[in-house]
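Asker: Right, I'll just put the structure down here and ask away after.
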Amino acid sequence: MWTELGEPCPFDLIEYGAGSGTLGLSILEGLRRHGSTDLLAAIALRTRRIEPEPPGRLEDRFEKAGLAGLLAPAGSPSDGPVPVAGVILANEFLDALPVHRFVVRGGKLLELFVGWREGFVQVAAEPSTPELAGRLAGEAIVPDRLAEGQVGEICLGLAPWLDDVDRRLARGFVVAIDYGYEAAETLRPSPPRRNAARLSRPPRAGDPLAEVGRADLTAPRGLHRSPAPRERRGLRSVALTTQSEFLVDAGLESELQALQASTTTTVADYMRARSGIVRMLDPRHMGRSGS
């Protein structure tokens, strides 16, 4: 991506939902391991976190890795109104945005609210905002063509996020990594499906409100949406692929071969890496997540 943009310097890597900075740090360490010195010299990593890290923790991690010079300080250009050249990275950030749930009854769109009747219950009522119907219309989805009882989710936070991306990025790429499907697939009219899933160990089917506070909730994102919202911001879709396809194309298997050939790799190191790679590529596990 840096090469396709003409090797700009500085080259901003802006990570949304960076958390402890593990992914950004791993990317920089990988570039260093592969001898990408020119790119490393151009990179400035900037983090956009949902929750602030304790002061100094992120800086300490980069200092220990010998990469402190690549971590841009707060208040630099991408933190303000000046757009930059680079890559926006959003790894499991979009699924942190809240969703509105809806149900179709009598060909009409109703919103599912949360109420309390000796426990949490779902209550169908008039939508809280006309934006819900507007979003479906933008996807060319008409409620009266969905199945009776169809349940789905609409994330209204995507458009404001794209606006924020547009303000920060003059030219470059947006890489979004998340569990998701094409928008139409998440809203197939038949059979009715309940998209919101409760993640627990062991997994349990049923009401997603049954274990509030003891299990994570997630809703798959429609990643390949109508082009209109993107085009208004000068964005166009380059590719929609699964994690397994992306990693294989990027040479992950050769990484495993290099690890096996290394004289410093122990059997335990190799088996641990192989197990992790298999899980990342397996379509029954993480391999189907979208990018």
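Going through the structure tokens in order, the chains are called A, B, and so on, while each chain numbers its residues from 1 and the ligands are numbered from 1 in the order shown.
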Report as a list in words all protein, DNA and RNA residues lying within 10 Å of A:Gly107, evaluated on only C-alpha atoms, omitting residues in the same chain fewer than 4 positions from it.

Answerer: Val103, Val142, Pro143, Asp144, Arg145, Leu146, Ala147, Glu148, Gly149 and Gln150 of chain A

Asker: Just the selected residues (all heavy atoms), exported as a PDB file, in the first residue's frame, please.

Answerer:
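part_5.pdb, written as the output of this step:
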```pdb
ATOM      1  N   VAL A 103     -37.354  -5.798  14.161  1.00  0.00           N
ATOM      2  CA  VAL A 103     -38.130  -6.970  13.778  1.00  0.00           C
ATOM      3  C   VAL A 103     -39.178  -6.522  12.772  1.00  0.00           C
ATOM      4  O   VAL A 103     -39.667  -5.387  12.833  1.00  0.00           O
ATOM      5  CB  VAL A 103     -38.799  -7.636  15.008  1.00  0.00           C
ATOM      6  CG1 VAL A 103     -39.784  -6.679  15.678  1.00  0.00           C
ATOM      7  CG2 VAL A 103     -39.481  -8.946  14.628  1.00  0.00           C
ATOM      8  N   VAL A 142     -36.318  -3.494   1.457  1.00  0.00           N
ATOM      9  CA  VAL A 142     -37.652  -2.992   1.773  1.00  0.00           C
ATOM     10  C   VAL A 142     -38.272  -3.898   2.828  1.00  0.00           C
ATOM     11  O   VAL A 142     -38.348  -5.120   2.631  1.00  0.00           O
ATOM     12  CB  VAL A 142     -38.541  -2.964   0.510  1.00  0.00           C
ATOM     13  CG1 VAL A 142     -39.924  -2.413   0.838  1.00  0.00           C
ATOM     14  CG2 VAL A 142     -37.873  -2.146  -0.581  1.00  0.00           C
ATOM     15  N   PRO A 143     -38.713  -3.341   3.975  1.00  0.00           N
ATOM     16  CA  PRO A 143     -39.235  -4.187   5.053  1.00  0.00           C
ATOM     17  C   PRO A 143     -40.338  -5.149   4.633  1.00  0.00           C
ATOM     18  O   PRO A 143     -40.369  -6.294   5.089  1.00  0.00           O
ATOM     19  CB  PRO A 143     -39.753  -3.154   6.074  1.00  0.00           C
ATOM     20  CG  PRO A 143     -38.875  -1.964   5.859  1.00  0.00           C
ATOM     21  CD  PRO A 143     -38.628  -1.925   4.384  1.00  0.00           C
ATOM     22  N   ASP A 144     -41.268  -4.694   3.738  1.00  0.00           N
ATOM     23  CA  ASP A 144     -42.381  -5.587   3.396  1.00  0.00           C
ATOM     24  C   ASP A 144     -41.948  -6.756   2.516  1.00  0.00           C
ATOM     25  O   ASP A 144     -42.746  -7.634   2.207  1.00  0.00           O
ATOM     26  CB  ASP A 144     -43.539  -4.813   2.749  1.00  0.00           C
ATOM     27  CG  ASP A 144     -43.148  -4.132   1.442  1.00  0.00           C
ATOM     28  OD1 ASP A 144     -42.043  -4.414   0.917  1.00  0.00           O
ATOM     29  OD2 ASP A 144     -43.939  -3.317   0.941  1.00  0.00           O
ATOM     30  N   ARG A 145     -40.670  -6.762   2.106  1.00  0.00           N
ATOM     31  CA  ARG A 145     -40.154  -7.905   1.353  1.00  0.00           C
ATOM     32  C   ARG A 145     -39.353  -8.857   2.229  1.00  0.00           C
ATOM     33  O   ARG A 145     -38.886  -9.897   1.766  1.00  0.00           O
ATOM     34  CB  ARG A 145     -39.294  -7.427   0.184  1.00  0.00           C
ATOM     35  CG  ARG A 145     -40.078  -6.666  -0.877  1.00  0.00           C
ATOM     36  CD  ARG A 145     -39.199  -6.283  -2.052  1.00  0.00           C
ATOM     37  NE  ARG A 145     -39.943  -5.503  -3.048  1.00  0.00           N
ATOM     38  CZ  ARG A 145     -39.405  -4.973  -4.135  1.00  0.00           C
ATOM     39  NH1 ARG A 145     -38.112  -5.154  -4.381  1.00  0.00           N
ATOM     40  NH2 ARG A 145     -40.142  -4.273  -4.979  1.00  0.00           N
ATOM     41  N   LEU A 146     -39.172  -8.483   3.492  1.00  0.00           N
ATOM     42  CA  LEU A 146     -38.513  -9.385   4.441  1.00  0.00           C
ATOM     43  C   LEU A 146     -39.553 -10.320   5.035  1.00  0.00           C
ATOM     44  O   LEU A 146     -40.750 -10.039   5.034  1.00  0.00           O
ATOM     45  CB  LEU A 146     -37.825  -8.581   5.547  1.00  0.00           C
ATOM     46  CG  LEU A 146     -36.645  -7.701   5.114  1.00  0.00           C
ATOM     47  CD1 LEU A 146     -36.164  -6.870   6.287  1.00  0.00           C
ATOM     48  CD2 LEU A 146     -35.505  -8.543   4.558  1.00  0.00           C
ATOM     49  N   ALA A 147     -39.084 -11.422   5.562  1.00  0.00           N
ATOM     50  CA  ALA A 147     -39.995 -12.424   6.115  1.00  0.00           C
ATOM     51  C   ALA A 147     -40.630 -11.912   7.398  1.00  0.00           C
ATOM     52  O   ALA A 147     -40.029 -11.145   8.156  1.00  0.00           O
ATOM     53  CB  ALA A 147     -39.231 -13.717   6.380  1.00  0.00           C
ATOM     54  N   GLU A 148     -41.863 -12.330   7.636  1.00  0.00           N
ATOM     55  CA  GLU A 148     -42.532 -12.012   8.883  1.00  0.00           C
ATOM     56  C   GLU A 148     -41.710 -12.549  10.055  1.00  0.00           C
ATOM     57  O   GLU A 148     -41.282 -13.702  10.052  1.00  0.00           O
ATOM     58  CB  GLU A 148     -43.937 -12.629   8.909  1.00  0.00           C
ATOM     59  CG  GLU A 148     -44.717 -12.400  10.180  1.00  0.00           C
ATOM     60  CD  GLU A 148     -45.142 -10.939  10.352  1.00  0.00           C
ATOM     61  OE1 GLU A 148     -45.073 -10.166   9.370  1.00  0.00           O
ATOM     62  OE2 GLU A 148     -45.546 -10.590  11.471  1.00  0.00           O
ATOM     63  N   GLY A 149     -41.452 -11.690  11.027  1.00  0.00           N
ATOM     64  CA  GLY A 149     -40.637 -12.098  12.167  1.00  0.00           C
ATOM     65  C   GLY A 149     -39.148 -11.951  11.944  1.00  0.00           C
ATOM     66  O   GLY A 149     -38.352 -12.278  12.826  1.00  0.00           O
ATOM     67  N   GLN A 150     -38.754 -11.442  10.762  1.00  0.00           N
ATOM     68  CA  GLN A 150     -37.323 -11.249  10.487  1.00  0.00           C
ATOM     69  C   GLN A 150     -36.707 -10.312  11.518  1.00  0.00           C
ATOM     70  O   GLN A 150     -37.226  -9.241  11.807  1.00  0.00           O
ATOM     71  CB  GLN A 150     -37.146 -10.644   9.098  1.00  0.00           C
ATOM     72  CG  GLN A 150     -35.722 -10.292   8.739  1.00  0.00           C
ATOM     73  CD  GLN A 150     -34.909 -11.512   8.346  1.00  0.00           C
ATOM     74  OE1 GLN A 150     -35.339 -12.293   7.507  1.00  0.00           O
ATOM     75  NE2 GLN A 150     -33.770 -11.683   8.960  1.00  0.00           N
TER      76      GLN A 150
END
```

Asker: Contacts of stretch 7-15 of chain A at 7 Å or less, counting only C-alpha atoms, minus same-chain residues fewer than 3 places along, as a list in words?

Answerer: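 After dropping sequence-adjacent residues, the list is Trp2, Thr3, Ala18, Ala42, Ile43, Ala44, Leu45, Arg46, Thr47, Arg48, Val84, Ala85, Gly86, Val87, Ile88, Leu89 and Ala90 of chain A.
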
Asker: Restrict the selected residues to all heavy atoms and save them as a short mmCIF file (atom, residue, chain, number, x, y, z; two decimals), in the first residue's frame.

Answerer:
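Now in part02.cif:
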```
data_model
loop_
_atom_site.label_atom_id
_atom_site.label_comp_id
_atom_site.auth_asym_id
_atom_site.auth_seq_id
_atom_site.Cartn_x
_atom_site.Cartn_y
_atom_site.Cartn_z
N TRP A 2 1.96 1.21 0.75
CA TRP A 2 2.90 2.33 0.77
C TRP A 2 3.48 2.56 -0.63
O TRP A 2 3.56 3.70 -1.11
CB TRP A 2 4.01 2.04 1.78
CG TRP A 2 5.07 3.09 1.89
CD1 TRP A 2 4.88 4.41 2.22
CD2 TRP A 2 6.48 2.92 1.71
NE1 TRP A 2 6.09 5.06 2.25
CE2 TRP A 2 7.10 4.18 1.94
CE3 TRP A 2 7.29 1.83 1.39
CZ2 TRP A 2 8.48 4.37 1.85
CZ3 TRP A 2 8.65 2.02 1.31
CH2 TRP A 2 9.24 3.27 1.54
N THR A 3 3.85 1.49 -1.30
CA THR A 3 4.42 1.60 -2.65
C THR A 3 3.39 2.15 -3.63
O THR A 3 3.71 3.01 -4.46
CB THR A 3 4.92 0.22 -3.12
OG1 THR A 3 5.92 -0.25 -2.21
CG2 THR A 3 5.49 0.29 -4.51
N ALA A 18 -7.16 0.67 19.30
CA ALA A 18 -5.84 0.04 19.41
C ALA A 18 -5.63 -0.72 20.71
O ALA A 18 -4.76 -1.58 20.80
CB ALA A 18 -4.75 1.10 19.25
N ALA A 42 9.60 5.76 7.34
CA ALA A 42 8.53 6.67 6.94
C ALA A 42 7.31 6.59 7.87
O ALA A 42 6.53 7.54 7.94
CB ALA A 42 8.10 6.36 5.51
N ILE A 43 7.15 5.47 8.58
CA ILE A 43 5.92 5.23 9.34
C ILE A 43 5.83 6.07 10.60
O ILE A 43 6.81 6.28 11.31
CB ILE A 43 5.81 3.72 9.72
CG1 ILE A 43 5.25 2.93 8.54
CG2 ILE A 43 4.92 3.52 10.94
CD1 ILE A 43 4.99 1.48 8.86
N ALA A 44 4.61 6.55 10.84
CA ALA A 44 4.25 7.15 12.13
C ALA A 44 2.97 6.45 12.58
O ALA A 44 1.94 6.54 11.89
CB ALA A 44 4.03 8.65 11.99
N LEU A 45 3.03 5.72 13.68
CA LEU A 45 1.87 4.99 14.19
C LEU A 45 1.08 5.90 15.13
O LEU A 45 1.63 6.47 16.08
CB LEU A 45 2.30 3.73 14.93
CG LEU A 45 1.17 2.94 15.61
CD1 LEU A 45 0.23 2.36 14.56
CD2 LEU A 45 1.72 1.83 16.48
N ARG A 46 -0.20 6.02 14.86
CA ARG A 46 -1.09 6.84 15.69
C ARG A 46 -2.26 5.97 16.14
O ARG A 46 -2.80 5.21 15.35
CB ARG A 46 -1.58 8.06 14.91
CG ARG A 46 -0.46 8.80 14.19
CD ARG A 46 -0.97 10.00 13.41
NE ARG A 46 0.07 10.49 12.51
CZ ARG A 46 1.05 11.32 12.88
NH1 ARG A 46 1.11 11.73 14.13
NH2 ARG A 46 1.96 11.73 12.01
N THR A 47 -2.62 6.07 17.38
CA THR A 47 -3.68 5.23 17.92
C THR A 47 -4.91 6.05 18.25
O THR A 47 -4.82 7.17 18.76
CB THR A 47 -3.22 4.48 19.18
OG1 THR A 47 -2.83 5.43 20.18
CG2 THR A 47 -2.04 3.58 18.87
N ARG A 48 -6.07 5.47 17.93
CA ARG A 48 -7.36 6.06 18.29
C ARG A 48 -8.06 5.02 19.16
O ARG A 48 -8.62 4.06 18.67
CB ARG A 48 -8.18 6.36 17.03
CG ARG A 48 -7.47 7.22 16.00
CD ARG A 48 -7.32 8.63 16.44
NE ARG A 48 -8.63 9.24 16.68
CZ ARG A 48 -8.80 10.41 17.26
NH1 ARG A 48 -7.75 11.09 17.71
NH2 ARG A 48 -10.00 10.91 17.42
N VAL A 84 -3.90 13.20 6.22
CA VAL A 84 -2.57 12.66 5.96
C VAL A 84 -2.65 11.55 4.92
O VAL A 84 -3.73 11.12 4.52
CB VAL A 84 -1.95 12.11 7.26
CG1 VAL A 84 -1.77 13.22 8.29
CG2 VAL A 84 -2.82 10.99 7.84
N ALA A 85 -1.50 11.05 4.49
CA ALA A 85 -1.41 9.88 3.61
C ALA A 85 -1.07 8.67 4.46
O ALA A 85 -0.18 8.74 5.32
CB ALA A 85 -0.33 10.10 2.55
N GLY A 86 -1.76 7.57 4.24
CA GLY A 86 -1.45 6.39 5.03
C GLY A 86 -2.52 5.33 5.00
O GLY A 86 -3.28 5.20 4.03
N VAL A 87 -2.60 4.58 6.08
CA VAL A 87 -3.53 3.45 6.21
C VAL A 87 -4.32 3.59 7.50
O VAL A 87 -3.75 3.82 8.56
CB VAL A 87 -2.78 2.10 6.20
CG1 VAL A 87 -3.73 0.95 6.51
CG2 VAL A 87 -2.11 1.86 4.85
N ILE A 88 -5.64 3.45 7.39
CA ILE A 88 -6.51 3.36 8.55
C ILE A 88 -6.69 1.87 8.86
O ILE A 88 -7.07 1.10 7.98
CB ILE A 88 -7.88 3.99 8.27
CG1 ILE A 88 -7.75 5.48 7.95
CG2 ILE A 88 -8.83 3.74 9.44
CD1 ILE A 88 -7.48 6.36 9.14
N LEU A 89 -6.41 1.48 10.08
CA LEU A 89 -6.55 0.08 10.49
C LEU A 89 -7.62 0.00 11.58
O LEU A 89 -7.53 0.69 12.59
CB LEU A 89 -5.21 -0.44 11.02
CG LEU A 89 -5.17 -1.90 11.50
CD1 LEU A 89 -5.49 -2.86 10.36
CD2 LEU A 89 -3.79 -2.21 12.08
N ALA A 90 -8.62 -0.84 11.35
CA ALA A 90 -9.69 -1.03 12.33
C ALA A 90 -9.88 -2.53 12.53
O ALA A 90 -10.59 -3.19 11.77
CB ALA A 90 -10.99 -0.39 11.84
#
```

Asker: Find the spatial neighbours of A:Glu126, counting only C-alpha atoms, within a cut-off of 9 Å - ignore same-chain residues fewer than 3 positions away - and output them as a VMD selection string.

Answerer: chain A and resid 109 to 112 129

Asker: Using C-alpha atoms, can you write the selected residues to a file as a CSV table (one decimal), in the first residue's frame?

Answerer:
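Writing the result to again_20.csv gives the following:
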```
chain,number,residue,atom,x,y,z
A,109,LEU,CA,-40.3,-2.2,10.7
A,110,LEU,CA,-40.3,-2.1,14.5
A,111,GLU,CA,-37.4,-1.5,16.8
A,112,LEU,CA,-36.6,-4.0,19.5
A,129,THR,CA,-35.2,7.3,14.7
```

Asker: Output as a compact mmCIF listing (two decimals) with N, CA, C and O atoms, in the first residue's frame all residues of stretch 30-182 of chain A that backbone DSSP marks as strand (DSSP E).

Answerer:
```
# COMPACT_ATOMS: atom_id res chain seq x y z
N ILE A 43 7.15 5.47 8.58
CA ILE A 43 5.92 5.23 9.34
C ILE A 43 5.83 6.07 10.60
O ILE A 43 6.81 6.28 11.31
N ALA A 44 4.61 6.55 10.84
CA ALA A 44 4.25 7.15 12.13
C ALA A 44 2.97 6.45 12.58
O ALA A 44 1.94 6.54 11.89
N LEU A 45 3.03 5.72 13.68
CA LEU A 45 1.87 4.99 14.19
C LEU A 45 1.08 5.90 15.13
O LEU A 45 1.63 6.47 16.08
N ARG A 46 -0.20 6.02 14.86
CA ARG A 46 -1.09 6.84 15.69
C ARG A 46 -2.26 5.97 16.14
O ARG A 46 -2.80 5.21 15.35
N THR A 47 -2.62 6.07 17.38
CA THR A 47 -3.68 5.23 17.92
C THR A 47 -4.91 6.05 18.25
O THR A 47 -4.82 7.17 18.76
N ARG A 48 -6.07 5.47 17.93
CA ARG A 48 -7.36 6.06 18.29
C ARG A 48 -8.06 5.02 19.16
O ARG A 48 -8.62 4.06 18.67
N VAL A 84 -3.90 13.20 6.22
CA VAL A 84 -2.57 12.66 5.96
C VAL A 84 -2.65 11.55 4.92
O VAL A 84 -3.73 11.12 4.52
N ALA A 85 -1.50 11.05 4.49
CA ALA A 85 -1.41 9.88 3.61
C ALA A 85 -1.07 8.67 4.46
O ALA A 85 -0.18 8.74 5.32
N GLY A 86 -1.76 7.57 4.24
CA GLY A 86 -1.45 6.39 5.03
C GLY A 86 -2.52 5.33 5.00
O GLY A 86 -3.28 5.20 4.03
N VAL A 87 -2.60 4.58 6.08
CA VAL A 87 -3.53 3.45 6.21
C VAL A 87 -4.32 3.59 7.50
O VAL A 87 -3.75 3.82 8.56
N ILE A 88 -5.64 3.45 7.39
CA ILE A 88 -6.51 3.36 8.55
C ILE A 88 -6.69 1.87 8.86
O ILE A 88 -7.07 1.10 7.98
N LEU A 89 -6.41 1.48 10.08
CA LEU A 89 -6.55 0.08 10.49
C LEU A 89 -7.62 0.00 11.58
O LEU A 89 -7.53 0.69 12.59
N ALA A 90 -8.62 -0.84 11.35
CA ALA A 90 -9.69 -1.03 12.33
C ALA A 90 -9.88 -2.53 12.53
O ALA A 90 -10.59 -3.19 11.77
N ASN A 91 -9.22 -3.07 13.54
CA ASN A 91 -9.27 -4.50 13.83
C ASN A 91 -10.25 -4.75 14.97
O ASN A 91 -10.00 -4.33 16.10
N HIS A 100 -28.80 -1.05 16.61
CA HIS A 100 -30.24 -1.06 16.88
C HIS A 100 -30.78 -2.37 16.33
O HIS A 100 -30.48 -2.74 15.18
N ARG A 101 -31.58 -3.07 17.11
CA ARG A 101 -32.19 -4.31 16.63
C ARG A 101 -33.60 -4.00 16.13
O ARG A 101 -34.29 -3.14 16.67
N PHE A 102 -34.01 -4.72 15.09
CA PHE A 102 -35.36 -4.51 14.57
C PHE A 102 -36.02 -5.84 14.29
O PHE A 102 -35.37 -6.89 14.19
N VAL A 103 -37.35 -5.80 14.16
CA VAL A 103 -38.13 -6.97 13.78
C VAL A 103 -39.18 -6.52 12.77
O VAL A 103 -39.67 -5.39 12.83
N VAL A 104 -39.50 -7.37 11.82
CA VAL A 104 -40.52 -7.07 10.82
C VAL A 104 -41.81 -7.77 11.21
O VAL A 104 -41.84 -9.00 11.40
N ARG A 105 -42.87 -6.99 11.35
CA ARG A 105 -44.19 -7.54 11.69
C ARG A 105 -45.24 -6.87 10.82
O ARG A 105 -45.36 -5.65 10.81
N LYS A 108 -44.02 -4.26 8.45
CA LYS A 108 -43.62 -2.99 9.04
C LYS A 108 -42.37 -3.16 9.89
O LYS A 108 -42.18 -4.19 10.54
N LEU A 109 -41.51 -2.14 9.88
CA LEU A 109 -40.28 -2.17 10.66
C LEU A 109 -40.55 -1.67 12.07
O LEU A 109 -41.02 -0.55 12.26
N LEU A 110 -40.24 -2.49 13.06
CA LEU A 110 -40.34 -2.11 14.47
C LEU A 110 -38.97 -2.27 15.10
O LEU A 110 -38.20 -3.15 14.73
N GLU A 111 -38.67 -1.42 16.07
CA GLU A 111 -37.40 -1.54 16.78
C GLU A 111 -37.58 -2.40 18.02
O GLU A 111 -38.61 -2.34 18.69
N LEU A 112 -36.57 -3.20 18.32
CA LEU A 112 -36.58 -4.03 19.53
C LEU A 112 -35.83 -3.29 20.64
O LEU A 112 -34.61 -3.11 20.56
N PHE A 113 -36.56 -2.88 21.64
CA PHE A 113 -35.98 -2.22 22.80
C PHE A 113 -35.79 -3.24 23.92
O PHE A 113 -36.30 -4.36 23.85
N VAL A 114 -35.06 -2.86 24.95
CA VAL A 114 -34.86 -3.72 26.10
C VAL A 114 -35.70 -3.20 27.26
O VAL A 114 -35.60 -2.02 27.62
N GLY A 115 -36.52 -4.06 27.82
CA GLY A 115 -37.34 -3.70 28.98
C GLY A 115 -37.08 -4.65 30.14
O GLY A 115 -36.20 -5.53 30.06
N TRP A 116 -37.85 -4.46 31.20
CA TRP A 116 -37.66 -5.29 32.40
C TRP A 116 -39.00 -5.81 32.89
O TRP A 116 -39.90 -5.03 33.20
N PHE A 120 -34.72 -9.17 31.93
CA PHE A 120 -34.64 -8.41 30.69
C PHE A 120 -35.53 -9.04 29.62
O PHE A 120 -35.52 -10.27 29.44
N VAL A 121 -36.27 -8.22 28.91
CA VAL A 121 -37.13 -8.68 27.81
C VAL A 121 -36.95 -7.76 26.62
O VAL A 121 -36.51 -6.61 26.76
N GLN A 122 -37.30 -8.25 25.44
CA GLN A 122 -37.28 -7.45 24.23
C GLN A 122 -38.69 -6.93 23.96
O GLN A 122 -39.66 -7.68 24.00
N VAL A 123 -38.80 -5.63 23.69
CA VAL A 123 -40.08 -4.98 23.47
C VAL A 123 -40.08 -4.34 22.09
O VAL A 123 -39.23 -3.49 21.79
N ALA A 124 -41.01 -4.73 21.23
CA ALA A 124 -41.11 -4.17 19.88
C ALA A 124 -41.97 -2.92 19.92
O ALA A 124 -43.08 -2.92 20.47
N ALA A 125 -41.47 -1.82 19.34
CA ALA A 125 -42.20 -0.56 19.32
C ALA A 125 -41.76 0.26 18.12
O ALA A 125 -40.88 -0.17 17.35
N VAL A 151 -35.59 -10.73 12.11
CA VAL A 151 -34.88 -9.92 13.08
C VAL A 151 -33.51 -9.56 12.51
O VAL A 151 -32.85 -10.39 11.88
N GLY A 152 -33.09 -8.32 12.69
CA GLY A 152 -31.79 -7.90 12.19
C GLY A 152 -31.23 -6.78 13.03
O GLY A 152 -31.85 -6.33 13.99
N GLU A 153 -30.05 -6.30 12.65
CA GLU A 153 -29.38 -5.23 13.36
C GLU A 153 -28.94 -4.15 12.38
O GLU A 153 -28.57 -4.44 11.24
N ILE A 154 -28.99 -2.91 12.83
CA ILE A 154 -28.54 -1.78 12.04
C ILE A 154 -27.58 -0.96 12.90
O ILE A 154 -27.92 -0.57 14.01
N LEU A 169 -7.83 11.20 6.56
CA LEU A 169 -7.06 10.56 5.49
C LEU A 169 -7.22 11.32 4.19
O LEU A 169 -8.31 11.38 3.61
N ALA A 170 -6.13 11.92 3.70
CA ALA A 170 -6.16 12.62 2.41
C ALA A 170 -6.13 11.61 1.27
O ALA A 170 -6.85 11.74 0.29
N ARG A 171 -5.28 10.59 1.40
CA ARG A 171 -5.21 9.52 0.43
C ARG A 171 -4.62 8.31 1.13
O ARG A 171 -3.78 8.42 2.02
N GLY A 172 -5.09 7.14 0.72
CA GLY A 172 -4.60 5.92 1.36
C GLY A 172 -5.63 4.82 1.35
O GLY A 172 -6.51 4.78 0.48
N PHE A 173 -5.52 3.94 2.32
CA PHE A 173 -6.35 2.74 2.38
C PHE A 173 -7.00 2.62 3.76
O PHE A 173 -6.44 3.08 4.76
N VAL A 174 -8.16 1.97 3.78
CA VAL A 174 -8.83 1.61 5.03
C VAL A 174 -8.89 0.09 5.08
O VAL A 174 -9.43 -0.55 4.17
N VAL A 175 -8.33 -0.50 6.14
CA VAL A 175 -8.35 -1.95 6.32
C VAL A 175 -9.20 -2.25 7.55
O VAL A 175 -8.80 -1.95 8.67
N ALA A 176 -10.39 -2.82 7.32
CA ALA A 176 -11.29 -3.16 8.42
C ALA A 176 -11.34 -4.68 8.56
O ALA A 176 -11.62 -5.39 7.59
N ILE A 177 -11.05 -5.16 9.75
CA ILE A 177 -11.01 -6.60 10.02
C ILE A 177 -12.05 -6.91 11.08
O ILE A 177 -11.98 -6.39 12.19
N GLY A 180 -18.06 -10.60 9.80
CA GLY A 180 -19.09 -9.93 9.02
C GLY A 180 -19.37 -10.66 7.73
O GLY A 180 -18.69 -11.62 7.36
N TYR A 181 -20.41 -10.21 7.04
CA TYR A 181 -20.85 -10.80 5.79
C TYR A 181 -21.29 -9.67 4.89
O TYR A 181 -21.34 -8.51 5.29
```

Asker: Provide the atom CA of A:Leu162 to atom CA of A:Ile141 distance in Å, to one decimal place.

Answerer: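 Separation of atom CA of A:Leu162 and atom CA of A:Ile141: 21.3 Å.
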
Asker: Just list as a VMD selection string whatever in stretch 90-148 of chain A DSSP marks as helix (DSSP H, G or I).

Answerer: chain A and resid 94 to 96 131 to 138 143 to 145

Asker: Using only C-alpha atoms, which protein or nucleic acid residues come within 12 Å of A:Ala273? Drop anything in the same chain fewer than 6 positions from it, and give the result as a PyMOL selection string.

Answerer: chain A and resi 252-253+255-260+265-267+279-280

Asker: When you draw a straight line from atom CA of A:Phe62 to atom CA of A:Ser36, how long is it in Å?

Answerer: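 Answer for the atom CA of A:Phe62 to atom CA of A:Ser36 separation: 17.8 Å.
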